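Text of the file coords01.csv, holding CSV, C-alpha atoms:
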```csv
chain,number,residue,atom,x,y,z
A,1414,MET,CA,-29.3,-143.9,-45.3
A,1415,ASN,CA,-31.9,-142.2,-43.1
A,1416,PRO,CA,-32.0,-144.0,-39.8
A,1417,GLN,CA,-35.6,-143.0,-39.2
A,1418,LYS,CA,-36.8,-144.8,-42.3
A,1419,LYS,CA,-34.7,-148.0,-42.1
A,1420,PRO,CA,-33.4,-149.5,-38.8
A,1421,SER,CA,-29.7,-150.0,-38.4
A,1422,VAL,CA,-28.0,-153.4,-38.3
A,1423,ARG,CA,-27.3,-152.8,-34.6
A,1424,TYR,CA,-31.1,-152.2,-34.0
A,1425,LEU,CA,-32.0,-155.4,-35.9
A,1426,ALA,CA,-29.4,-157.5,-34.1
A,1427,THR,CA,-30.5,-156.3,-30.7
A,1428,ASN,CA,-34.2,-156.2,-31.1
A,1429,ASN,CA,-35.1,-158.9,-33.7
A,1430,ARG,CA,-33.2,-161.8,-32.3
A,1431,GLU,CA,-30.8,-161.9,-35.2
A,1432,VAL,CA,-27.5,-161.5,-33.4
A,1433,CYS,CA,-25.9,-164.6,-34.7
A,1434,PHE,CA,-27.4,-164.3,-38.1
A,1435,VAL,CA,-25.9,-160.8,-38.4
A,1436,LEU,CA,-22.5,-162.1,-37.3
A,1437,HIS,CA,-22.7,-164.9,-39.9
A,1438,LYS,CA,-23.3,-162.2,-42.5
A,1439,HIS,CA,-20.3,-160.2,-41.4
A,1440,MET,CA,-18.1,-163.3,-41.5
A,1441,HIS,CA,-18.8,-163.5,-45.2
A,1442,LEU,CA,-19.1,-159.8,-45.9
A,1443,SER,CA,-18.5,-159.2,-49.6
A,1444,VAL,CA,-16.7,-156.3,-51.3
A,1445,GLU,CA,-20.0,-154.9,-52.6
A,1446,GLU,CA,-21.7,-155.1,-49.2
A,1447,PHE,CA,-18.7,-153.3,-47.8
A,1448,ARG,CA,-18.7,-150.6,-50.5
A,1449,GLN,CA,-22.3,-149.6,-50.7
A,1450,PRO,CA,-23.1,-148.7,-47.0
A,1451,LEU,CA,-19.6,-147.6,-46.2
A,1452,GLU,CA,-20.8,-144.4,-44.6
A,1453,SER,CA,-23.8,-145.8,-42.8
A,1454,ASP,CA,-24.6,-149.4,-42.0
A,1455,LEU,CA,-21.0,-150.6,-41.5
A,1456,ARG,CA,-20.7,-148.3,-38.6
A,1457,ASP,CA,-23.5,-150.3,-37.0
A,1458,LEU,CA,-21.9,-153.7,-37.3
A,1459,ARG,CA,-23.0,-155.7,-34.3
A,1460,LEU,CA,-19.6,-156.4,-32.7
A,1461,SER,CA,-18.3,-155.7,-29.2
A,1462,GLU,CA,-17.3,-152.1,-28.5
A,1463,GLU,CA,-13.7,-153.2,-28.2
A,1464,SER,CA,-13.8,-154.8,-31.6
A,1465,ARG,CA,-15.6,-151.8,-33.1
A,1466,LEU,CA,-13.0,-149.4,-31.8
A,1467,SER,CA,-10.1,-151.6,-33.0
A,1468,TRP,CA,-11.0,-151.2,-36.7
A,1469,LEU,CA,-12.5,-147.7,-36.5
A,1470,GLY,CA,-9.1,-146.4,-37.6
A,1471,PHE,CA,-9.7,-147.9,-41.0
A,1472,PHE,CA,-12.7,-145.7,-41.5
A,1473,GLN,CA,-10.8,-142.6,-40.4
A,1474,ALA,CA,-8.1,-143.5,-43.0
A,1475,PHE,CA,-10.8,-143.6,-45.7
A,1476,LYS,CA,-11.7,-140.0,-44.9
A,1477,LEU,CA,-8.2,-138.9,-45.2
A,1478,LEU,CA,-7.7,-141.0,-48.3
A,1479,PRO,CA,-11.0,-140.9,-50.3
A,1480,LEU,CA,-11.6,-144.2,-52.0
A,1481,PRO,CA,-11.8,-144.3,-55.8
A,1482,THR,CA,-15.3,-144.5,-57.3
A,1483,ASP,CA,-13.9,-146.0,-60.6
A,1484,SER,CA,-15.5,-149.4,-61.2
A,1485,ARG,CA,-12.1,-150.8,-62.3
A,1486,PHE,CA,-10.7,-150.2,-58.7
A,1487,TRP,CA,-13.6,-152.2,-57.1
A,1488,ASN,CA,-13.6,-154.9,-59.8
A,1489,VAL,CA,-9.9,-155.6,-59.0
A,1490,ILE,CA,-10.5,-155.8,-55.3
A,1491,ARG,CA,-13.6,-158.0,-55.8
A,1492,HIS,CA,-11.6,-160.4,-58.0
A,1493,ALA,CA,-8.6,-160.6,-55.6
A,1494,ASP,CA,-10.9,-161.2,-52.6
A,1495,GLU,CA,-12.8,-164.0,-54.4
A,1496,MET,CA,-9.5,-165.7,-55.4
A,1497,GLU,CA,-8.2,-165.6,-51.8
A,1498,ARG,CA,-11.5,-167.0,-50.4
A,1499,CYS,CA,-11.5,-169.8,-53.0
A,1500,TYR,CA,-7.8,-170.7,-52.5
A,1501,PRO,CA,-7.0,-169.6,-48.9
A,1502,ALA,CA,-3.9,-171.8,-48.7
A,1503,ARG,CA,-2.2,-170.5,-51.8
A,1504,LEU,CA,0.3,-167.7,-51.2
A,1505,ASP,CA,0.0,-166.6,-54.9
A,1506,CYS,CA,-3.7,-166.0,-54.4
A,1507,ARG,CA,-3.5,-163.7,-51.4
A,1508,ALA,CA,-5.7,-160.7,-52.1
A,1509,GLU,CA,-3.1,-158.1,-51.3
A,1510,ARG,CA,-0.6,-159.7,-53.6
A,1511,GLN,CA,-3.2,-160.0,-56.4
A,1512,VAL,CA,-4.3,-156.4,-56.1
A,1513,GLU,CA,-0.7,-155.1,-56.2
A,1514,GLU,CA,0.1,-157.1,-59.3
A,1515,LEU,CA,-3.2,-156.3,-61.1
A,1516,LEU,CA,-3.0,-152.5,-60.4
A,1517,ARG,CA,0.7,-152.3,-61.1
A,1518,ASP,CA,0.2,-153.8,-64.6
A,1519,ALA,CA,-2.9,-151.8,-65.4
A,1520,GLU,CA,-2.7,-148.7,-67.6
A,1521,HIS,CA,-3.6,-145.2,-66.5
A,1522,VAL,CA,-4.1,-146.2,-62.8
A,1523,PRO,CA,-3.2,-143.7,-60.1
A,1524,SER,CA,-0.5,-144.8,-57.7
A,1525,THR,CA,-2.7,-144.1,-54.7
A,1526,TRP,CA,-5.0,-147.0,-55.7
A,1527,ILE,CA,-2.7,-149.6,-54.3
A,1528,SER,CA,-2.7,-148.0,-50.8
A,1529,ALA,CA,-6.4,-147.5,-50.9
A,1530,ALA,CA,-6.9,-151.1,-51.9
A,1531,ARG,CA,-4.8,-152.3,-48.9
A,1532,HIS,CA,-7.0,-150.3,-46.6
A,1533,VAL,CA,-10.2,-151.9,-48.0
A,1534,LEU,CA,-8.7,-155.4,-47.7
A,1535,LEU,CA,-7.5,-154.9,-44.2
A,1536,ALA,CA,-10.8,-153.6,-43.1
A,1537,LEU,CA,-12.7,-156.5,-44.7
A,1538,HIS,CA,-10.4,-159.0,-43.0
A,1539,LYS,CA,-10.7,-157.3,-39.7
A,1540,ILE,CA,-14.5,-157.2,-39.8
A,1541,ARG,CA,-14.7,-160.8,-40.8
A,1542,GLU,CA,-12.3,-161.9,-38.1
A,1543,ASP,CA,-14.0,-159.9,-35.4
A,1544,ALA,CA,-17.3,-161.4,-36.3
A,1545,ARG,CA,-15.9,-164.9,-36.4
A,1546,MET,CA,-14.3,-164.5,-33.0
A,1547,GLU,CA,-17.4,-163.0,-31.4
A,1548,LEU,CA,-19.6,-165.8,-32.8
A,1549,GLY,CA,-17.0,-168.3,-31.6
A,1550,GLU,CA,-17.3,-166.8,-28.1
A,1551,ILE,CA,-21.1,-167.1,-28.1
A,1552,SER,CA,-20.8,-170.7,-29.4
A,1553,ASN,CA,-18.2,-171.6,-26.7
A,1554,ARG,CA,-20.4,-170.2,-23.9
A,1555,LEU,CA,-23.4,-172.2,-25.1
A,1556,ARG,CA,-21.3,-175.3,-25.5
A,1557,LYS,CA,-20.2,-175.1,-21.9
A,1558,SER,CA,-23.8,-174.6,-20.8
A,1559,TRP,CA,-24.8,-177.7,-22.7
A,1560,LYS,CA,-21.9,-179.7,-21.1
A,1561,ARG,CA,-23.2,-178.7,-17.7
A,1562,GLY,CA,-26.4,-180.5,-18.6
A,1563,GLU,CA,-28.5,-177.4,-19.5
A,1564,ILE,CA,-30.7,-178.0,-22.5
A,1565,SER,CA,-31.0,-174.2,-22.9
A,1566,GLY,CA,-27.4,-174.1,-24.2
A,1567,LEU,CA,-28.2,-176.4,-27.1
A,1568,VAL,CA,-31.6,-174.9,-27.8
A,1569,GLU,CA,-30.2,-171.3,-27.9
A,1570,ALA,CA,-27.4,-172.4,-30.3
A,1571,VAL,CA,-30.0,-173.9,-32.7
A,1572,ARG,CA,-32.2,-170.8,-32.4
A,1573,GLY,CA,-29.1,-168.7,-33.2
A,1574,GLY,CA,-28.4,-170.6,-36.4
A,1575,MET,CA,-25.4,-172.5,-35.1
A,1576,ILE,CA,-26.7,-175.9,-36.2
A,1577,GLN,CA,-23.6,-176.4,-38.4
A,1578,GLU,CA,-21.3,-176.0,-35.4
A,1579,PRO,CA,-19.6,-179.4,-34.8
A,1580,TRP,CA,-20.6,-179.6,-31.2
A,1581,VAL,CA,-24.3,-178.8,-32.0
A,1582,SER,CA,-24.6,-181.4,-34.8
A,1583,GLN,CA,-22.9,-183.9,-32.5
A,1584,ALA,CA,-25.2,-183.2,-29.7
A,1585,ILE,CA,-28.3,-183.6,-31.9
A,1586,PHE,CA,-26.9,-186.9,-33.3
A,1587,ASN,CA,-26.3,-188.2,-29.7
A,1588,LEU,CA,-29.9,-187.3,-28.8
A,1589,GLN,CA,-31.2,-189.1,-31.9
A,1590,TRP,CA,-29.2,-192.1,-31.0
A,1591,GLN,CA,-30.4,-192.0,-27.4
A,1592,ARG,CA,-34.0,-191.7,-28.6
A,1593,VAL,CA,-33.7,-195.0,-30.4
A,1594,HIS,CA,-31.0,-196.9,-28.4
A,1595,GLY,CA,-31.4,-195.5,-24.9
A,1596,THR,CA,-30.7,-198.0,-22.2
A,1597,THR,CA,-33.9,-197.1,-20.3
A,1598,THR,CA,-37.3,-195.9,-21.2
A,1599,GLU,CA,-36.6,-192.7,-19.2
A,1600,ASP,CA,-33.5,-192.0,-21.3
A,1601,GLN,CA,-35.5,-192.4,-24.5
A,1602,LYS,CA,-38.3,-190.2,-23.2
A,1603,GLN,CA,-35.8,-187.4,-22.2
A,1604,ALA,CA,-34.1,-187.5,-25.6
A,1605,LYS,CA,-37.5,-187.2,-27.4
A,1606,GLU,CA,-38.5,-184.2,-25.3
A,1607,ARG,CA,-35.1,-182.5,-26.0
A,1608,LEU,CA,-35.3,-183.2,-29.7
A,1609,GLN,CA,-38.8,-181.6,-29.7
A,1610,GLN,CA,-37.4,-178.5,-28.1
A,1611,ILE,CA,-34.8,-178.3,-30.8
A,1612,ALA,CA,-37.4,-178.7,-33.5
A,1613,ASP,CA,-39.5,-176.0,-31.9
A,1614,ALA,CA,-36.4,-173.7,-31.9
A,1615,LEU,CA,-35.9,-174.3,-35.6
A,1616,VAL,CA,-39.5,-173.6,-36.4
A,1617,LYS,CA,-39.6,-170.4,-34.3
A,1618,ILE,CA,-36.3,-168.8,-35.5
A,1619,TRP,CA,-38.1,-166.4,-37.8
A,1620,GLY,CA,-41.5,-166.5,-36.2
A,1621,GLY,CA,-43.3,-163.7,-34.5
A,1622,LYS,CA,-44.1,-163.5,-30.8
A,1623,THR,CA,-44.0,-166.9,-29.2
A,1624,GLU,CA,-44.6,-167.9,-25.6
A,1625,MET,CA,-41.3,-168.5,-23.8
A,1626,PRO,CA,-40.9,-172.0,-22.4
A,1627,LEU,CA,-41.1,-172.1,-18.6
A,1628,GLU,CA,-37.7,-173.8,-18.3
A,1629,GLU,CA,-36.0,-171.0,-20.2
A,1630,ARG,CA,-37.8,-168.3,-18.1
A,1631,LYS,CA,-36.5,-170.1,-14.9
A,1632,GLN,CA,-33.0,-170.2,-16.4
A,1633,ILE,CA,-33.1,-166.5,-17.2
A,1634,ILE,CA,-34.1,-165.6,-13.6
A,1635,ALA,CA,-31.4,-167.9,-12.3
A,1636,ASP,CA,-28.8,-166.2,-14.5
A,1637,CYS,CA,-30.0,-162.8,-13.3
A,1638,LYS,CA,-29.5,-163.9,-9.7
A,1639,LYS,CA,-26.0,-165.1,-10.6
A,1640,TRP,CA,-24.8,-162.0,-12.3
A,1641,ARG,CA,-26.6,-159.4,-10.2
A,1642,PRO,CA,-24.2,-159.5,-7.1
A,1643,ILE,CA,-21.2,-159.8,-9.4
A,1644,CYS,CA,-22.1,-156.7,-11.4
A,1645,GLU,CA,-22.9,-154.8,-8.3
A,1646,GLY,CA,-19.6,-155.7,-6.7
A,1647,LEU,CA,-17.6,-154.8,-9.8
A,1648,ASN,CA,-19.5,-151.6,-10.2
A,1649,GLU,CA,-18.5,-150.6,-6.6
A,1650,THR,CA,-14.9,-151.6,-7.1
A,1651,PHE,CA,-14.5,-149.8,-10.5
A,1652,LYS,CA,-16.4,-146.6,-9.6
A,1653,LYS,CA,-15.1,-146.2,-6.0
A,1654,GLU,CA,-11.6,-147.5,-6.4
A,1655,LEU,CA,-10.0,-148.4,-9.7
A,1656,TRP,CA,-11.4,-145.6,-12.0
A,1657,LYS,CA,-10.3,-143.0,-9.5
A,1658,GLN,CA,-6.7,-144.2,-9.6
A,1659,SER,CA,-4.4,-142.6,-12.2
A,1660,GLU,CA,-2.2,-145.8,-12.2
A,1661,TYR,CA,-5.1,-147.8,-13.4
A,1662,GLU,CA,-5.9,-145.5,-16.3
A,1663,SER,CA,-2.2,-145.2,-17.4
A,1664,SER,CA,-0.8,-148.7,-16.9
A,1665,GLU,CA,-2.0,-151.6,-19.0
A,1666,LEU,CA,-0.2,-154.1,-16.8
A,1667,TYR,CA,-1.8,-152.6,-13.7
A,1668,GLN,CA,-5.2,-153.0,-15.4
A,1669,LYS,CA,-4.4,-156.6,-16.4
A,1670,GLU,CA,-3.4,-157.6,-12.9
A,1671,ALA,CA,-6.4,-155.8,-11.2
A,1672,ARG,CA,-8.8,-157.5,-13.6
A,1673,GLY,CA,-7.2,-160.8,-12.9
A,1674,LEU,CA,-7.8,-160.3,-9.2
A,1675,LEU,CA,-11.4,-159.4,-9.8
A,1676,ALA,CA,-11.9,-162.5,-12.0
A,1677,GLU,CA,-10.4,-164.6,-9.2
A,1678,LYS,CA,-12.6,-162.9,-6.6
A,1679,TYR,CA,-15.9,-163.4,-8.4
A,1680,ARG,CA,-14.9,-166.7,-10.1
A,1681,ILE,CA,-15.5,-165.5,-13.6
A,1682,SER,CA,-13.1,-165.1,-16.6
A,1683,VAL,CA,-11.0,-162.0,-17.2
A,1684,LYS,CA,-12.9,-161.5,-20.5
A,1685,GLU,CA,-16.2,-161.3,-18.5
A,1686,VAL,CA,-14.7,-158.7,-16.1
A,1687,GLU,CA,-13.6,-156.7,-19.1
A,1688,THR,CA,-17.1,-156.9,-20.7
A,1689,ILE,CA,-18.8,-155.8,-17.5
A,1690,GLU,CA,-16.4,-152.9,-17.1
A,1691,ARG,CA,-17.0,-151.8,-20.7
A,1692,VAL,CA,-20.8,-151.9,-20.2
A,1693,LEU,CA,-20.5,-150.0,-16.9
A,1694,LYS,CA,-18.4,-147.3,-18.7
A,1695,ALA,CA,-20.9,-147.0,-21.6
A,1696,PRO,CA,-23.6,-144.2,-21.5
A,1697,SER,CA,-26.9,-145.4,-20.0
A,1698,ARG,CA,-30.4,-144.6,-20.9
A,1699,ARG,CA,-30.7,-142.9,-17.5
A,1700,SER,CA,-27.3,-141.4,-16.9
A,1701,ASN,CA,-23.7,-140.9,-18.1
A,1702,LYS,CA,-22.7,-144.4,-16.9
A,1703,SER,CA,-24.6,-147.7,-17.0
A,1704,THR,CA,-26.0,-149.3,-13.9
A,1705,PRO,CA,-25.1,-152.7,-12.5
A,1706,THR,CA,-28.6,-153.9,-13.5
A,1707,GLU,CA,-27.9,-152.9,-17.1
A,1708,ALA,CA,-24.6,-154.8,-17.0
A,1709,MET,CA,-26.4,-157.8,-15.5
A,1710,LEU,CA,-29.0,-157.8,-18.3
A,1711,GLN,CA,-26.2,-157.6,-20.9
A,1712,MET,CA,-24.4,-160.6,-19.4
A,1713,VAL,CA,-27.6,-162.7,-19.3
A,1714,VAL,CA,-28.3,-161.8,-22.9
A,1715,PHE,CA,-24.9,-163.4,-23.9
A,1716,ASP,CA,-26.2,-166.7,-22.4
A,1717,HIS,CA,-29.5,-166.5,-24.2
A,1718,VAL,CA,-28.9,-166.0,-27.9
A,1719,GLY,CA,-32.1,-164.9,-29.6
A,1720,ARG,CA,-33.3,-163.0,-26.6
A,1721,ASP,CA,-32.8,-159.2,-26.4
A,1722,VAL,CA,-32.2,-157.0,-23.4
A,1723,LYS,CA,-35.8,-155.8,-23.3
A,1724,THR,CA,-37.1,-159.4,-23.0
A,1725,ILE,CA,-34.7,-160.2,-20.2
A,1726,GLU,CA,-35.5,-157.0,-18.4
A,1727,LYS,CA,-39.2,-157.6,-18.6
A,1728,ILE,CA,-38.8,-161.2,-17.1
A,1729,TRP,CA,-36.6,-159.9,-14.3
A,1730,GLU,CA,-39.0,-157.0,-13.5
A,1731,GLU,CA,-41.9,-159.4,-13.4
A,1732,TYR,CA,-40.0,-161.7,-11.1
A,1733,LEU,CA,-39.2,-158.8,-8.7
A,1734,LYS,CA,-42.9,-157.8,-8.6
A,1735,GLU,CA,-43.7,-161.3,-7.6
A,1736,HIS,CA,-40.8,-161.4,-5.1
A,1737,PRO,CA,-40.5,-157.8,-3.7
A,1738,GLU,CA,-38.2,-159.1,-1.0
A,1739,GLU,CA,-35.5,-159.6,-3.7
A,1740,SER,CA,-35.5,-155.8,-4.3
A,1741,ARG,CA,-35.0,-155.0,-0.7
A,1742,LYS,CA,-32.6,-157.9,0.2
A,1743,LYS,CA,-29.0,-156.9,0.9
A,1744,ARG,CA,-27.0,-159.2,-1.2
A,1745,LYS,CA,-23.8,-160.7,0.3
A,1746,LEU,CA,-20.8,-160.1,-1.9
A,1747,PRO,CA,-17.5,-162.1,-1.9
A,1748,THR,CA,-14.9,-161.0,0.6
A,1749,THR,CA,-12.9,-158.1,-0.7
A,1750,LEU,CA,-9.6,-159.2,-2.0
A,1751,VAL,CA,-9.0,-156.5,-4.6
A,1752,ALA,CA,-9.3,-153.6,-2.1
A,1753,GLU,CA,-6.7,-155.2,0.1
A,1754,ARG,CA,-4.2,-155.8,-2.8
A,1755,ILE,CA,-4.8,-152.6,-4.8
A,1756,PRO,CA,-2.4,-150.6,-2.6
A,1757,VAL,CA,0.2,-153.3,-3.2
A,1758,LEU,CA,-0.3,-153.0,-6.9
A,1759,ARG,CA,0.0,-149.2,-6.7
A,1760,SER,CA,3.3,-149.5,-4.9
A,1761,ARG,CA,4.6,-152.0,-7.5
A,1762,VAL,CA,3.6,-149.7,-10.3
A,1763,ALA,CA,5.4,-146.8,-8.6
A,1764,VAL,CA,8.7,-148.6,-8.1
A,1765,CYS,CA,8.9,-150.7,-11.2
A,1766,PRO,CA,9.7,-149.4,-14.7
A,1767,LEU,CA,6.8,-149.5,-17.1
A,1768,GLY,CA,6.4,-152.9,-18.5
A,1769,THR,CA,8.3,-154.7,-15.8
A,1770,ILE,CA,5.7,-155.4,-13.1
A,1771,PRO,CA,6.6,-158.9,-11.8
```
Let me see whether you can do it: turn the structure in this file into structure tokens.
Amino acid sequence: MNPQKKPSVRYLATNNREVCFVLHKHMHLSVEEFRQPLESDLRDLRLSEESRLSWLGFFQAFKLLPLPTDSRFWNVIRHADEMERCYPARLDCRAERQVEELLRDAEHVPSTWISAARHVLLALHKIREDARMELGEISNRLRKSWKRGEISGLVEAVRGGMIQEPWVSQAIFNLQWQRVHGTTTEDQKQAKERLQQIADALVKIWGGKTEMPLEERKQIIADCKKWRPICEGLNETFKKELWKQSEYESSELYQKEARGLLAEKYRISVKEVETIERVLKAPSRRSNKSTPTEAMLQMVVFDHVGRDVKTIEKIWEEYLKEHPEESRKKRKLPTTLVAERIPVLRSRVAVCPLGTIP
């Protein structure tokens, strides 16, 4: 595929507000969809970099072991995969078992086909599982936002095509009930307004350019203010301290404990610390490493499914133009806990055998 003629899946997911829809597609990736663009589109699956790297080895194996082009090979895999998806609880319908039995009984079939088929099935399962987990993380983040009373969490879930998620359908049902049976007129009015926002999100999923609601714009700015000092603080800690330490690069336990301290320090999850670190390490449009602002934009995008980085960046830049004092303001970061405890971690790594840090 020529990338200049047809945009990649990653481009579509990032710029056309289709992140969740692409992930839904990957959750149900068929054998044929896997086979045809094996050397092009599948490399652009919209998954986290960590997930992408974890199954990249499958593709390397394909290069060492060329996949058969014989239609019999792919028909067997397709049949086995469909059987497993139709009867997931039956052990005798497991795709790998089906493939081995069918290929072993077939005539004039090379022995390498069984190994090649295993690679295909493992890659398919991995891609589907990664997509399911990433979509689940997005859904969980939005669910927590809705539980905090933020309507944007529910609206973004609907805009992202998650209307079949149990918590989304339950929330809509509760609003419908409140609209009719609310104890006060104010409750009924609020429910009606929220249902209208959900209806607008459904209508505008595939629409063109639409004006962003003021409430969503305010929430995006608030989220930028929340993540900005966190990303700046982590950037300083990683670039000036941790990434310069050989212990951090060589010891997974050291990394785990250091990230745990950072999560405690900034009151965020370890997963969010890892995500910010991964973004900061990635190449930037401006330099070899990404900036704290780019990490901030990426974290805000996670909370606003259907909005891309460019949209968030534009809103933030417009806000800074209206409030220039924000650009010049020295932001106060949490008291440094990691810097004080890193030497302790280093000494523990030095005296403890690998894998035994208490």
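What separates atom CA of Ala1604 of chain A from atom CA of Arg1592 of chain A is a distance of 5.2 Å.
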Using only C-alpha atoms, what table do you get, as CSV, when you list each residue of segment 1607-1671 of chain A with an atom no more than 9 Å from segment 1679-1696 of chain A, its nearest pair of atoms, and their distance in Å rounded to one decimal, rows by chain then rising number?
```
residue,atom,partner,partner_atom,distance
A:Ile1643,CA,A:Tyr1679,CA,6.5
A:Cys1644,CA,A:Ile1689,CA,7.0
A:Gly1646,CA,A:Tyr1679,CA,8.7
A:Leu1647,CA,A:Glu1690,CA,7.6
A:Asn1648,CA,A:Leu1693,CA,7.0
A:Phe1651,CA,A:Glu1690,CA,7.5
A:Lys1669,CA,A:Val1683,CA,8.6
```
Original post:
What gap, in Å, lies between atom CA of Arg1531 of chain A and atom CA of Leu1480 of chain A?
Top reply: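 Distance reported for this atom pair: 11.0 Å.
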Subject >> Selected residue of minimal separation from Arg1630 of chain A among A:Val1512, A:Ile1725, A:Leu1733, A:Leu1535, counting all atoms listed in the file >> reply: A:Ile1725
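Atom CA of Glu1578 of chain A lies 24.6 Å from atom CA of Asp1600 of chain A.
The protein and nucleic acid residues lying at most 8 Å from segment 1437-1451 of chain A are Cys1433, Leu1455, Arg1456, Leu1458, Trp1487, Ile1490, Arg1491, Asp1494, Leu1537, Ile1540, Arg1541, Glu1542, Ala1544, Arg1545 and Leu1548 of chain A, with all atoms listed in the file considered and sequence neighbours fewer than 4 positions away removed.
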Original post:
With all atoms listed in the file as the basis for distance, which of A:Ile1634, A:Ser1659, A:Ser1740, A:Phe1434 is at the shortest distance from Lys1727 of chain A?
Top reply: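 Among the listed residues, the smallest separation from Lys1727 of chain A belongs to A:Ile1634.
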